[in-house]
$ cat data.cif   # mmCIF, C-alpha atoms
data_upload
loop_
_atom_site.label_atom_id
_atom_site.label_comp_id
_atom_site.auth_asym_id
_atom_site.auth_seq_id
_atom_site.Cartn_x
_atom_site.Cartn_y
_atom_site.Cartn_z
CA MET A 1 0.00 0.00 0.00
CA LEU A 2 1.31 3.42 -0.89
CA ASP A 3 1.62 5.97 1.88
CA PRO A 4 0.98 9.73 1.77
CA GLN A 5 4.66 10.32 0.99
CA ASP A 6 4.29 8.26 -2.17
CA ARG A 7 1.19 10.17 -3.07
CA ILE A 8 3.04 13.46 -2.83
CA ARG A 9 5.86 12.09 -4.94
CA PHE A 10 3.36 10.75 -7.48
CA GLU A 11 1.58 14.09 -7.59
CA GLN A 12 4.86 15.88 -8.20
CA LEU A 13 6.33 13.50 -10.74
CA VAL A 14 3.43 12.02 -12.64
CA LEU A 15 0.43 14.32 -12.38
CA PRO A 16 2.13 17.18 -14.26
CA HIS A 17 1.84 14.93 -17.31
CA LEU A 18 -1.92 14.55 -17.13
CA ASN A 19 -2.37 16.83 -20.14
CA SER A 20 -0.20 14.53 -22.21
CA ALA A 21 -2.19 11.58 -20.95
CA ALA A 22 -5.48 13.27 -21.81
CA ASN A 23 -4.29 14.27 -25.25
CA LEU A 24 -3.07 10.79 -26.15
CA ALA A 25 -6.21 9.09 -24.85
CA ARG A 26 -8.49 11.56 -26.57
CA TRP A 27 -6.77 11.00 -29.90
CA MET A 28 -6.78 7.26 -29.43
CA LEU A 29 -10.45 7.02 -28.46
CA ARG A 30 -11.70 10.12 -30.34
CA ASN A 31 -14.32 10.85 -27.75
CA ARG A 32 -14.12 12.83 -24.58
CA ASP A 33 -16.16 10.71 -22.18
CA ASP A 34 -14.37 7.50 -22.99
CA SER A 35 -10.99 9.13 -22.84
CA ASP A 36 -11.79 10.74 -19.49
CA ASP A 37 -12.63 7.31 -18.10
CA VAL A 38 -9.50 5.78 -19.52
CA VAL A 39 -7.25 8.58 -18.26
CA GLN A 40 -8.68 8.16 -14.79
CA GLU A 41 -8.27 4.41 -14.88
CA ALA A 42 -4.74 4.61 -16.29
CA THR A 43 -3.65 7.18 -13.70
CA LEU A 44 -4.93 4.99 -10.88
CA ARG A 45 -3.20 2.02 -12.39
CA ALA A 46 0.00 4.05 -12.62
CA TYR A 47 -0.43 4.96 -8.98
CA ARG A 48 -0.82 1.35 -7.94
CA PHE A 49 2.31 0.40 -9.84
CA PHE A 50 4.21 3.48 -8.74
CA GLY A 51 6.49 1.31 -6.66
CA GLN A 52 7.83 -0.11 -9.90
CA PHE A 53 8.79 3.28 -11.24
CA HIS A 54 12.49 3.76 -10.59
CA GLY A 55 13.00 7.29 -11.76
CA GLY A 56 13.61 8.29 -15.35
CA ASP A 57 11.10 9.63 -17.80
CA ALA A 58 7.84 9.95 -15.87
CA ARG A 59 5.91 11.20 -18.89
CA ALA A 60 6.91 8.22 -21.03
CA TRP A 61 6.12 5.91 -18.14
CA LEU A 62 2.63 7.36 -17.68
CA LEU A 63 1.95 7.49 -21.41
CA GLN A 64 2.91 3.86 -21.75
CA ILE A 65 0.26 2.93 -19.20
CA VAL A 66 -2.28 5.24 -20.82
CA ARG A 67 -1.55 3.76 -24.21
CA ASN A 68 -1.95 0.21 -22.96
CA THR A 69 -5.16 1.10 -21.16
CA CYS A 70 -6.47 2.61 -24.40
CA TYR A 71 -5.73 -0.57 -26.30
CA THR A 72 -7.35 -2.72 -23.63
CA TRP A 73 -10.38 -0.47 -23.73
CA LEU A 74 -10.57 -0.52 -27.53
CA GLY A 75 -10.17 -4.28 -27.57
CA LYS A 76 -13.09 -4.60 -25.20
CA ASN A 77 -15.39 -1.91 -26.55
CA ARG A 78 -14.51 -1.33 -30.19
CA PRO A 79 -12.48 -4.29 -31.37
CA SER A 80 -13.11 -3.48 -35.01
CA GLU A 81 -11.05 -0.32 -34.72
CA LEU A 82 -7.98 -2.32 -33.96
CA MET A 83 -8.33 -4.21 -37.19
CA THR A 84 -9.36 -1.65 -39.76
CA GLU A 85 -8.55 1.80 -40.87
CA PHE A 86 -11.83 3.56 -41.30
CA ASP A 87 -10.97 6.11 -43.89
CA GLU A 88 -14.30 5.64 -45.65
CA GLU A 89 -15.62 8.60 -43.75
CA VAL A 90 -13.04 10.92 -45.22
CA HIS A 91 -13.31 9.56 -48.73
CA GLN A 92 -17.03 9.10 -49.09
CA ARG A 93 -18.50 12.00 -47.18
CA PRO A 94 -21.20 13.43 -49.45
CA ALA A 95 -20.45 16.99 -50.40
CA ALA A 96 -24.05 18.06 -50.97
CA ASN A 97 -24.43 20.30 -47.94
CA PRO A 98 -22.59 23.59 -48.49
CA GLU A 99 -22.07 24.03 -44.76
CA ILE A 100 -20.26 20.74 -44.55
CA LEU A 101 -18.24 21.64 -47.60
CA ALA A 102 -17.27 24.93 -46.06
CA THR A 103 -16.13 23.13 -42.97
CA GLN A 104 -14.16 20.65 -45.00
CA SER A 105 -12.24 23.47 -46.50
CA ASP A 106 -11.24 24.42 -43.01
CA GLU A 107 -7.73 23.11 -42.80
CA ARG A 108 -7.88 22.30 -39.14
CA GLN A 109 -11.04 20.25 -39.43
CA GLN A 110 -9.66 18.43 -42.40
CA LEU A 111 -6.44 17.59 -40.70
CA MET A 112 -8.25 16.47 -37.59
CA ARG A 113 -10.51 14.15 -39.58
CA ALA A 114 -7.59 12.78 -41.53
CA LEU A 115 -5.64 12.04 -38.34
CA GLU A 116 -8.66 10.43 -36.76
CA SER A 117 -9.14 8.21 -39.78
CA LEU A 118 -5.72 6.62 -39.45
CA SER A 119 -5.28 3.31 -37.73
CA PRO A 120 -4.51 3.56 -33.99
CA ARG A 121 -0.93 2.41 -34.62
CA PHE A 122 -0.29 5.28 -37.01
CA ARG A 123 -2.28 7.77 -35.00
CA GLU A 124 -0.37 7.12 -31.80
CA VAL A 125 3.08 7.69 -33.30
CA LEU A 126 1.94 10.89 -34.98
CA VAL A 127 0.32 12.23 -31.82
CA LEU A 128 3.39 11.35 -29.75
CA ARG A 129 5.79 12.88 -32.23
CA GLU A 130 3.99 15.94 -33.58
CA LEU A 131 1.86 16.93 -30.60
CA GLU A 132 3.91 15.66 -27.67
CA GLY A 133 7.32 16.13 -29.25
CA CYS A 134 8.50 12.73 -28.03
CA SER A 135 11.89 11.48 -29.13
CA TYR A 136 12.17 8.19 -31.02
CA LYS A 137 13.46 6.61 -27.83
CA GLU A 138 10.39 7.75 -25.90
CA ILE A 139 8.06 6.65 -28.67
CA GLY A 140 9.72 3.25 -28.53
CA GLU A 141 9.28 3.07 -24.77
CA ILE A 142 5.64 4.13 -24.87
CA THR A 143 4.46 2.03 -27.80
CA GLY A 144 6.77 -0.95 -27.55
CA ILE A 145 7.85 -0.41 -31.15
CA PRO A 146 11.55 -1.35 -31.42
CA ILE A 147 13.58 1.84 -31.58
CA GLY A 148 15.04 0.79 -34.92
CA THR A 149 11.60 0.85 -36.54
CA VAL A 150 10.17 4.02 -35.00
CA MET A 151 11.45 6.07 -37.93
CA SER A 152 9.96 3.79 -40.58
CA THR A 153 6.63 3.59 -38.71
CA LEU A 154 6.53 7.38 -38.53
CA SER A 155 7.35 7.76 -42.18
CA ARG A 156 4.60 5.31 -43.14
CA ALA A 157 2.14 7.10 -40.87
CA ARG A 158 2.99 10.47 -42.39
CA GLU A 159 2.72 9.08 -45.88
CA ARG A 160 -0.71 7.64 -45.09
CA LEU A 161 -1.86 10.93 -43.62
CA ARG A 162 -0.67 12.77 -46.71
CA GLN A 163 -2.65 10.39 -48.92
CA VAL A 164 -5.79 10.85 -46.86
CA LEU A 165 -5.42 14.62 -47.03
CA ILE A 166 -4.98 14.53 -50.79
CA GLY A 167 -8.01 12.25 -51.05
CA ALA A 168 -10.13 14.57 -48.93
CA ASN A 169 -9.08 17.62 -50.93
CA GLY A 170 -9.83 15.82 -54.17
CA ALA A 171 -13.30 14.89 -52.96
CA ALA A 172 -14.04 18.42 -51.77
CA ALA A 173 -12.86 19.94 -55.05
CA LYS A 174 -15.08 17.57 -56.99
CA GLY A 175 -18.05 18.57 -54.87
CA VAL A 176 -17.54 22.26 -55.55
CA SER A 177 -17.33 22.07 -59.33
CA MET B 178 24.45 9.39 -50.50
CA ASN B 179 21.92 8.51 -53.19
CA CYS B 180 18.23 9.44 -53.44
CA GLU B 181 16.96 6.13 -52.11
CA GLU B 182 19.00 6.46 -48.94
CA ALA B 183 18.09 10.11 -48.56
CA ILE B 184 14.34 9.39 -48.77
CA LYS B 185 14.69 6.53 -46.35
CA LEU B 186 16.42 8.72 -43.77
CA MET B 187 14.38 11.86 -44.49
CA ASN B 188 12.06 11.49 -41.50
CA GLY B 189 14.92 10.90 -39.13
CA TYR B 190 16.58 14.00 -40.50
CA LEU B 191 13.44 16.08 -40.07
CA ASP B 192 12.99 14.80 -36.54
CA GLY B 193 16.58 15.54 -35.61
CA GLU B 194 17.22 11.90 -34.79
CA LEU B 195 20.25 11.21 -36.98
CA ASP B 196 23.89 11.31 -36.02
CA PRO B 197 25.84 14.39 -37.16
CA ILE B 198 27.68 12.60 -39.95
CA THR B 199 24.51 11.23 -41.57
CA ASN B 200 22.91 14.65 -41.09
CA GLN B 201 25.68 16.27 -43.08
CA ALA B 202 25.43 13.68 -45.82
CA ILE B 203 21.70 14.34 -46.19
CA GLU B 204 22.17 18.08 -46.23
CA LYS B 205 24.77 17.72 -48.93
CA HIS B 206 22.44 15.54 -50.98
CA LEU B 207 19.54 17.98 -50.58
CA CYS B 208 21.70 20.79 -51.94
CA GLU B 209 22.53 18.73 -54.98
CA CYS B 210 19.22 16.99 -55.68
CA HIS B 211 16.21 19.12 -56.50
CA ASN B 212 13.71 16.27 -56.29
CA CYS B 213 14.78 15.18 -52.85
CA ASP B 214 14.84 18.78 -51.71
CA GLN B 215 11.22 19.18 -52.88
CA ALA B 216 10.24 15.98 -51.08
CA TYR B 217 11.96 17.30 -47.99
CA LYS B 218 10.08 20.59 -48.11
CA THR B 219 6.72 18.89 -48.65
CA GLN B 220 7.30 16.59 -45.73
CA ARG B 221 8.44 19.46 -43.54
CA SER B 222 5.29 21.44 -44.23
CA LEU B 223 3.12 18.40 -43.52
CA ILE B 224 4.82 17.93 -40.18
CA SER B 225 4.44 21.54 -39.18
CA ALA B 226 0.81 21.52 -40.33
CA ILE B 227 0.03 18.65 -37.96
CA GLY B 228 1.80 20.35 -35.09
CA ASN B 229 0.07 23.67 -35.73
CA ALA B 230 -3.41 22.68 -36.73
CA ALA B 231 -4.28 19.52 -34.85
CA PRO B 232 -5.98 20.27 -31.53
CA TYR B 233 -4.21 19.45 -28.30
CA TYR B 234 -6.66 18.10 -25.76
CA LYS B 235 -5.78 19.16 -22.26
CA VAL B 236 -7.09 17.37 -19.22
CA PRO B 237 -10.45 18.83 -18.18
CA ALA B 238 -10.33 20.50 -14.76
CA GLY B 239 -13.08 18.27 -13.41
CA LEU B 240 -11.19 15.14 -14.35
CA ARG B 241 -8.01 16.39 -12.71
CA GLU B 242 -9.97 16.88 -9.51
CA ARG B 243 -11.58 13.45 -9.75
CA ILE B 244 -8.19 11.85 -10.19
CA ARG B 245 -6.78 13.66 -7.19
CA SER B 246 -9.61 12.55 -4.98
CA SER B 247 -9.43 8.97 -6.14
CA LEU B 248 -5.72 8.99 -5.32
CA ARG B 249 -6.52 10.23 -1.84
CA GLU B 250 -9.04 7.46 -1.40
CA GLU B 251 -6.55 4.94 -2.62
CA THR B 252 -3.94 6.14 -0.14
CA GLU B 253 -6.29 6.16 2.78
CA GLY B 254 -7.12 2.55 1.98
CA GLU B 255 -10.83 3.08 1.85
CA PRO B 256 -12.50 -0.31 1.37
CA MET B 257 -13.61 -1.04 -2.16
CA ARG B 258 -17.24 -0.43 -2.77
CA ASN B 259 -19.47 -3.42 -3.45
CA GLY B 260 -16.47 -5.62 -2.85
CA VAL B 261 -15.49 -5.17 -6.46
CA PRO B 262 -11.83 -4.40 -6.74
CA GLY B 263 -10.09 -2.59 -9.54
CA ALA B 264 -11.77 -1.19 -12.57
CA GLN B 265 -15.26 -0.70 -11.18
CA VAL B 266 -14.00 1.61 -8.48
CA MET B 267 -12.00 3.59 -10.95
CA PHE B 268 -15.00 4.69 -12.85
CA HIS B 269 -17.06 6.20 -10.08
CA LYS B 270 -17.53 9.86 -10.53
CA ARG B 271 -19.82 11.09 -7.85
CA ASP B 272 -18.22 13.38 -5.40
CA PRO B 273 -16.02 10.92 -3.49
CA GLU B 274 -15.02 13.56 -0.95
CA THR B 275 -18.48 13.87 0.49
CA ARG B 276 -18.74 10.15 0.76
CA SER B 277 -15.44 9.61 2.53
CA MET B 278 -16.27 12.42 4.92
CA LEU B 279 -19.55 10.79 5.85
CA SER B 280 -17.96 7.39 6.24
CA GLU B 281 -15.65 8.80 8.87
CA ILE B 282 -18.51 9.85 11.08
CA PRO B 283 -18.87 7.39 13.98
CA TRP B 284 -22.21 5.68 13.71
CA ASN B 285 -23.08 5.12 17.32
CA TRP B 286 -26.28 6.75 18.57
CA LEU B 287 -24.72 9.82 20.02
CA GLY B 288 -22.65 10.07 16.94
CA LEU B 289 -25.72 9.71 14.79
CA ALA B 290 -27.39 12.62 16.47
CA ALA B 291 -24.26 14.66 16.06
CA ALA B 292 -24.10 13.62 12.44
CA ILE B 293 -27.62 14.82 11.78
CA ILE B 294 -26.84 18.16 13.31
CA LEU B 295 -23.60 18.31 11.43
CA ALA B 296 -25.34 17.51 8.16
CA ALA B 297 -27.87 20.25 8.84
CA ILE B 298 -25.12 22.72 9.57
CA ILE B 299 -23.32 21.79 6.41
CA ALA B 300 -26.46 21.96 4.33
CA PHE B 301 -27.53 25.36 5.58
CA ASN B 302 -24.31 27.15 6.35
CA VAL B 303 -21.28 25.62 4.83
CA LEU B 304 -22.43 24.85 1.32
CA PRO B 305 -22.34 27.92 -0.86
CA ARG B 306 -25.68 29.61 -0.96
CA ALA B 307 -25.87 29.30 -4.68
CA GLN B 308 -25.63 25.54 -4.64
CA ARG B 309 -28.71 25.24 -2.49
CA GLY B 310 -30.71 26.87 -5.25
CA GLY B 311 -29.26 24.23 -7.57
CA PRO B 312 -26.17 24.54 -9.66
CA ASP B 313 -28.32 25.64 -12.58
CA GLN B 314 -29.59 28.62 -10.67
CA PHE B 315 -26.05 29.69 -9.93
CA LEU B 316 -24.93 29.14 -13.49
CA ALA B 317 -27.99 30.92 -14.86
CA THR B 318 -27.10 33.97 -12.78
CA GLN B 319 -23.56 33.90 -14.10
CA LEU B 320 -24.76 33.48 -17.68
CA ILE B 321 -27.15 36.39 -17.47
CA ALA B 322 -24.53 38.59 -15.83
CA SER B 323 -22.16 37.77 -18.62
CA HIS B 324 -24.78 38.42 -21.27
CA VAL B 325 -25.71 41.77 -19.75
CA ARG B 326 -22.09 42.79 -19.33
CA SER B 327 -21.40 42.02 -22.96
CA LEU B 328 -24.16 44.40 -24.01
CA MET B 329 -23.30 47.22 -21.61
CA ALA B 330 -19.84 48.29 -22.63
CA ASN B 331 -18.37 48.01 -26.07
CA HIS B 332 -17.44 44.49 -25.44
CA LEU B 333 -19.87 42.35 -27.30
CA THR B 334 -17.20 40.73 -29.40
CA ASP B 335 -13.45 40.16 -29.25
CA VAL B 336 -13.49 39.21 -32.87
CA ALA B 337 -16.21 40.90 -34.89
CA SER B 338 -16.94 39.00 -38.03
CA SER B 339 -19.86 37.37 -39.72
CA ASP B 340 -17.45 34.87 -41.23
CA GLN B 341 -17.32 31.63 -39.33
CA HIS B 342 -13.90 30.98 -40.84
CA THR B 343 -12.59 34.05 -39.09
CA VAL B 344 -14.31 33.52 -35.78
CA LYS B 345 -13.56 29.84 -35.39
CA PRO B 346 -9.76 29.93 -35.84
CA TRP B 347 -9.60 32.91 -33.53
CA LEU B 348 -11.42 31.02 -30.79
CA ASP B 349 -9.58 27.78 -31.46
CA ALA B 350 -6.29 29.53 -30.97
CA LYS B 351 -7.31 30.89 -27.58
CA LEU B 352 -9.14 27.95 -26.07
CA ASP B 353 -8.25 24.39 -25.28
CA PHE B 354 -11.22 23.18 -27.28
CA ALA B 355 -12.58 23.89 -30.73
CA PRO B 356 -16.24 24.89 -30.72
CA ALA B 357 -18.30 24.60 -33.87
CA VAL B 358 -19.08 27.99 -35.38
CA VAL B 359 -21.78 28.39 -37.99
CA ASP B 360 -23.31 31.40 -39.64
CA LEU B 361 -27.09 31.49 -39.67
CA SER B 362 -27.54 34.70 -41.67
CA GLU B 363 -29.79 33.04 -44.19
CA LYS B 364 -32.01 31.81 -41.43
CA GLY B 365 -32.36 35.20 -39.80
CA PHE B 366 -29.74 34.80 -37.12
CA PRO B 367 -26.57 36.39 -38.51
CA LEU B 368 -23.30 35.68 -36.76
CA ILE B 369 -21.84 38.85 -35.27
CA GLY B 370 -18.63 37.54 -33.81
CA GLY B 371 -16.97 35.68 -30.98
CA ARG B 372 -15.69 36.47 -27.54
CA LEU B 373 -13.80 34.78 -24.75
CA ASP B 374 -15.54 34.57 -21.44
CA TYR B 375 -15.09 32.92 -18.08
CA LEU B 376 -17.90 30.84 -16.64
CA ASP B 377 -18.38 27.83 -14.45
CA ASN B 378 -14.72 28.15 -13.45
CA ARG B 379 -13.36 27.82 -16.93
CA PRO B 380 -12.71 29.80 -20.09
CA VAL B 381 -15.60 29.44 -22.49
CA ALA B 382 -16.42 30.55 -26.00
CA ALA B 383 -19.21 33.04 -26.54
CA LEU B 384 -20.70 33.21 -30.02
CA ILE B 385 -22.81 36.25 -30.67
CA TYR B 386 -25.77 36.10 -33.00
CA GLN B 387 -28.30 38.72 -33.86
CA ARG B 388 -32.05 38.44 -34.21
CA ARG B 389 -33.40 41.68 -35.58
CA LYS B 390 -32.21 44.17 -32.93
CA HIS B 391 -31.63 41.57 -30.27
CA PHE B 392 -28.48 39.72 -29.46
CA ILE B 393 -27.97 36.13 -28.50
CA ASN B 394 -24.97 35.05 -26.54
CA LEU B 395 -24.29 31.40 -27.15
CA PHE B 396 -21.87 30.13 -24.52
CA VAL B 397 -20.04 26.97 -25.43
CA TRP B 398 -17.69 24.79 -23.45
CA PRO B 399 -16.81 21.11 -23.46
CA ALA B 400 -19.48 18.88 -21.97
CA GLY B 401 -18.56 17.31 -18.66
CA SER B 402 -18.75 13.57 -18.40
CA ASP B 403 -21.68 13.96 -16.02
CA ALA B 404 -23.58 16.16 -18.43
CA ALA B 405 -26.53 13.92 -19.04
CA GLU B 406 -29.29 16.40 -18.42
CA ALA B 407 -31.72 17.06 -21.18
CA THR B 408 -32.48 20.19 -23.07
CA LYS B 409 -34.09 22.85 -20.93
CA ALA B 410 -35.51 26.30 -21.23
CA MET B 411 -35.90 28.80 -18.45
CA THR B 412 -36.72 32.40 -17.82
CA ARG B 413 -34.69 34.33 -15.27
CA GLN B 414 -34.65 38.04 -14.56
CA GLY B 415 -36.48 38.65 -17.79
CA TYR B 416 -34.01 36.76 -19.93
CA GLN B 417 -34.54 33.56 -21.80
CA LEU B 418 -32.05 30.78 -21.35
CA PHE B 419 -31.92 27.70 -23.44
CA HIS B 420 -29.60 24.86 -22.64
CA TRP B 421 -28.67 21.77 -24.59
CA ILE B 422 -25.72 19.49 -25.00
CA ASP B 423 -24.35 17.39 -27.79
CA SER B 424 -21.65 14.76 -27.80
CA ASP B 425 -18.92 17.35 -27.30
CA PHE B 426 -20.27 20.55 -25.91
CA ASN B 427 -22.46 22.29 -23.42
CA TYR B 428 -24.50 25.07 -24.96
CA TRP B 429 -26.26 27.89 -23.18
CA ALA B 430 -28.07 30.45 -25.28
CA VAL B 431 -29.01 33.65 -23.49
CA SER B 432 -31.12 36.40 -24.97
CA ASP B 433 -34.12 38.63 -24.53
CA ILE B 434 -35.89 37.15 -27.52
CA ASN B 435 -38.79 34.85 -26.75
CA GLU B 436 -38.56 31.20 -25.93
CA LYS B 437 -39.93 30.04 -29.25
CA GLU B 438 -37.39 31.99 -31.24
CA LEU B 439 -34.56 30.83 -29.03
CA GLN B 440 -35.68 27.27 -29.55
CA GLU B 441 -35.76 27.86 -33.29
CA PHE B 442 -32.25 29.24 -33.06
CA LYS B 443 -31.11 26.14 -31.25
CA GLN B 444 -32.63 23.91 -33.90
CA LEU B 445 -31.05 25.82 -36.76
CA PHE B 446 -27.71 25.82 -35.03
CA GLU B 447 -27.84 22.09 -34.47
CA GLU B 448 -28.82 21.42 -38.06
CA GLN B 449 -25.88 23.41 -39.33
CA ILE B 450 -23.07 22.14 -37.19
CA PRO B 451 -20.92 19.52 -38.85
CA ARG B 452 -21.41 16.01 -37.55
CA HIS B 453 -18.47 13.81 -36.85
#

$ encode --input "data.cif" --output "structure tokens"
Amino acid sequence: MLDPQDRIRFEQLVLPHLNSAANLARWMLRNRDDSDDVVQEATLRAYRFFGQFHGGDARAWLLQIVRNTCYTWLGKNRPSELMTEFDEEVHQRPAANPEILATQSDERQQLMRALESLSPRFREVLVLRELEGCSYKEIGEITGIPIGTVMSTLSRARERLRQVLIGANGAAAKGVS
Amino acid sequence: MNCEEAIKLMNGYLDGELDPITNQAIEKHLCECHNCDQAYKTQRSLISAIGNAAPYYKVPAGLRERIRSSLREETEGEPMRNGVPGAQVMFHKRDPETRSMLSEIPWNWLGLAAAIILAAIIAFNVLPRAQRGGPDQFLATQLIASHVRSLMANHLTDVASSDQHTVKPWLDAKLDFAPAVVDLSEKGFPLIGGRLDYLDNRPVAALIYQRRKHFINLFVWPAGSDAAEATKAMTRQGYQLFHWIDSDFNYWAVSDINEKELQEFKQLFEEQIPRH
């Protein structure tokens, strides 16, 4: 059982990274309520295993637990997401409604949709690298991807994202004309 | 270094993950090879676009608090509820502090009497006055104050524009969430602009719409996980309030137009926001 001293240490070392945890979970689950639940569960799990944390990169340590909790959750609640990339949404969205079209032309929305359409494996490396600024070593620690293949995973993820963005732009342009 | 190698190592170069010697070799190749240099620039702009445009979701304040209290419970070794260990306990959300405080009260008879008195004292004196009238009452007062304030001085909008593509990026850049912004000019509710406000202990977005000579403040902030309450309309201090939630956000529309029109506004707004 952890004592109040541990709790203080945990609050100082681990809790400052709650934003990173929330961001990763939200991108992985793409929904606020589910990611709130998972962040809470993962943080408690981290707390229970805090005895096993022997210093080092507290953010990577927490994110690793958050990431695993996300996968467990997805496996239980949305197993299909772990198997498929659902980019249909981006490619086949009907462009009839001008409001939707206008929103699609909004770069931020488009990018967000494109990122969300990637498979969880691609999404996680992109979120960790571009939004969290994790090093390859940290990405390896968090995701369990061997450090030697972090670069190639990232380059495939970026390539896929680029293709989705081109696809979305193509579809939007067709809708306008 | 040839093109194939350069392309293969491009991402590592962009991410600053290569050793200095390989870095130099790539730089040399990029100077000499136009195609690879183009590929490099394209990739670089993609990377910066993700970093700049993709939203960063911070931890909601309420969740941070819930986590802190569940850690306290964990440390104090409070027995697991319903005898179910682990995950079940993690998901409870209802005010654990109140519960643990009550569970510490000794339940012998004298204690019980004391507890009743204590509960009465807490209910009537300690709890903030506003909460007794219901959290909605308190929030409604805040919302109306904010609405009135926005109309008093020249501070209706921080960004005055009828263009949703101006208002939205402005708000997105200043908030930790990205509210949907739609223009309803064609439906008789033109968008006037956006404003930052502070309500319910958090920064919120205020979208300002006009109905003839009247203004509507539409306050938007991310929906809490406990936000299950249905749509509701109320009249307070002569103002109409209309509240609804969707999968992402809490909406409170405040105006002096009538309830029917405000409801129509809500419907139009909902029809126009992009679904995801």

$ residues_around --input "data.cif" --residues "Ser20 of chain A" --least-positions-apart "2" --cutoff "8 Å" --atoms "all atoms listed in the file" --output "list in words"
His17, Leu18, Ala22, Asn23, Leu24, Arg59, Leu63 and Glu132 of chain A; Lys235 of chain B

$ closest_residue --input "data.cif" --among "A:Trp73, A:Tyr136, A:Phe49, A:Trp61" --to "chain B" --atoms "only C-alpha atoms"
A:Tyr136

$ closest_residue --input "data.cif" --among "B:Asn200, B:Pro237, B:Tyr375, B:Val344" --to "Pro399 of chain B" --atoms "only C-alpha atoms"
B:Pro237

$ atom_distance --input "data.cif" --atom1 "atom CA of Gln417 of chain B" --atom2 "atom CA of Gly370 of chain B"
20.3 Å

$ resolve_selection --input "data.cif" --expression "the PyMOL selection byres ((chain A and resi 111-115) around 7)" --output "ChimeraX atom specification"
/A:90,107-110,116-118,123,161,164-165 /B:231

$ closest_residue --input "data.cif" --among "A:Leu128, A:Ala58, A:Val66, A:Leu13" --to "Ala42 of chain A" --atoms "all atoms listed in the file"
A:Val66

$ residues_around --input "data.cif" --residues "Asp6 of chain A" --least-positions-apart "2" --cutoff "9 Å" --atoms "only C-alpha atoms" --output "ChimeraX atom specification"
/A:2-4,8-11,47,50-51 /B:252

$ atom_distance --input "data.cif" --atom1 "atom CA of Tyr71 of chain A" --atom2 "atom CA of Asp192 of chain B"
26.3 Å

$ closest_residue --input "data.cif" --among "B:Glu209, B:Glu251, B:Glu182, B:Asp335" --to "chain A" --atoms "all atoms listed in the file"
B:Glu251

$ resolve_selection --input "data.cif" --expression "the PyMOL selection byres ((chain B and resi 391) around 8)" --output "list of chain:residue names"
B:Gln387, B:Arg388, B:Arg389, B:Lys390, B:Phe392, B:Ile393, B:Ser432, B:Asp433, B:Ile434

$ write_last_selection --input "data.cif" --atoms "C-alpha atoms" --output "mmCIF file, keeping the file's coordinate frame"
data_model
loop_
_atom_site.group_PDB
_atom_site.id
_atom_site.type_symbol
_atom_site.label_atom_id
_atom_site.label_comp_id
_atom_site.auth_asym_id
_atom_site.auth_seq_id
_atom_site.Cartn_x
_atom_site.Cartn_y
_atom_site.Cartn_z
ATOM 1 C CA GLN B 387 -28.300 38.720 -33.860
ATOM 2 C CA ARG B 388 -32.050 38.440 -34.210
ATOM 3 C CA ARG B 389 -33.400 41.680 -35.580
ATOM 4 C CA LYS B 390 -32.210 44.170 -32.930
ATOM 5 C CA PHE B 392 -28.480 39.720 -29.460
ATOM 6 C CA ILE B 393 -27.970 36.130 -28.500
ATOM 7 C CA SER B 432 -31.120 36.400 -24.970
ATOM 8 C CA ASP B 433 -34.120 38.630 -24.530
ATOM 9 C CA ILE B 434 -35.890 37.150 -27.520
#

$ atom_distance --input "data.cif" --atom1 "atom CA of Lys351 of chain B" --atom2 "atom CA of Asn427 of chain B"
17.9 Å

$ interface_residues --input "data.cif" --of "chain B" --to "chain A" --cutoff "8 Å" --atoms "only C-alpha atoms" --output "ChimeraX atom specification"
/B:185,188-189,194,223-225,227-228,230-236,240-241,243-244,247-249,252-254,264,267-268,342,401-402,425,449-451

$ residues_near_point --input "data.cif" --point "(-27.0, 36.7, -33.2)" --cutoff "12 Å" --atoms "only C-alpha atoms" --output "short mmCIF file (atom, residue, chain, number, x, y, z; two decimals) with C-alpha atoms, keeping the file's coordinate frame"
data_model
loop_
_atom_site.label_atom_id
_atom_site.label_comp_id
_atom_site.auth_asym_id
_atom_site.auth_seq_id
_atom_site.Cartn_x
_atom_site.Cartn_y
_atom_site.Cartn_z
CA LEU B 333 -19.87 42.35 -27.30
CA THR B 334 -17.20 40.73 -29.40
CA ALA B 337 -16.21 40.90 -34.89
CA SER B 338 -16.94 39.00 -38.03
CA SER B 339 -19.86 37.37 -39.72
CA VAL B 358 -19.08 27.99 -35.38
CA VAL B 359 -21.78 28.39 -37.99
CA ASP B 360 -23.31 31.40 -39.64
CA LEU B 361 -27.09 31.49 -39.67
CA SER B 362 -27.54 34.70 -41.67
CA GLU B 363 -29.79 33.04 -44.19
CA LYS B 364 -32.01 31.81 -41.43
CA GLY B 365 -32.36 35.20 -39.80
CA PHE B 366 -29.74 34.80 -37.12
CA PRO B 367 -26.57 36.39 -38.51
CA LEU B 368 -23.30 35.68 -36.76
CA ILE B 369 -21.84 38.85 -35.27
CA GLY B 370 -18.63 37.54 -33.81
CA GLY B 371 -16.97 35.68 -30.98
CA ALA B 383 -19.21 33.04 -26.54
CA LEU B 384 -20.70 33.21 -30.02
CA ILE B 385 -22.81 36.25 -30.67
CA TYR B 386 -25.77 36.10 -33.00
CA GLN B 387 -28.30 38.72 -33.86
CA ARG B 388 -32.05 38.44 -34.21
CA ARG B 389 -33.40 41.68 -35.58
CA LYS B 390 -32.21 44.17 -32.93
CA HIS B 391 -31.63 41.57 -30.27
CA PHE B 392 -28.48 39.72 -29.46
CA ILE B 393 -27.97 36.13 -28.50
CA ASN B 394 -24.97 35.05 -26.54
CA LEU B 395 -24.29 31.40 -27.15
CA ALA B 430 -28.07 30.45 -25.28
CA VAL B 431 -29.01 33.65 -23.49
CA SER B 432 -31.12 36.40 -24.97
CA ASP B 433 -34.12 38.63 -24.53
CA ILE B 434 -35.89 37.15 -27.52
CA GLU B 438 -37.39 31.99 -31.24
CA LEU B 439 -34.56 30.83 -29.03
CA PHE B 442 -32.25 29.24 -33.06
CA LYS B 443 -31.11 26.14 -31.25
CA PHE B 446 -27.71 25.82 -35.03
#
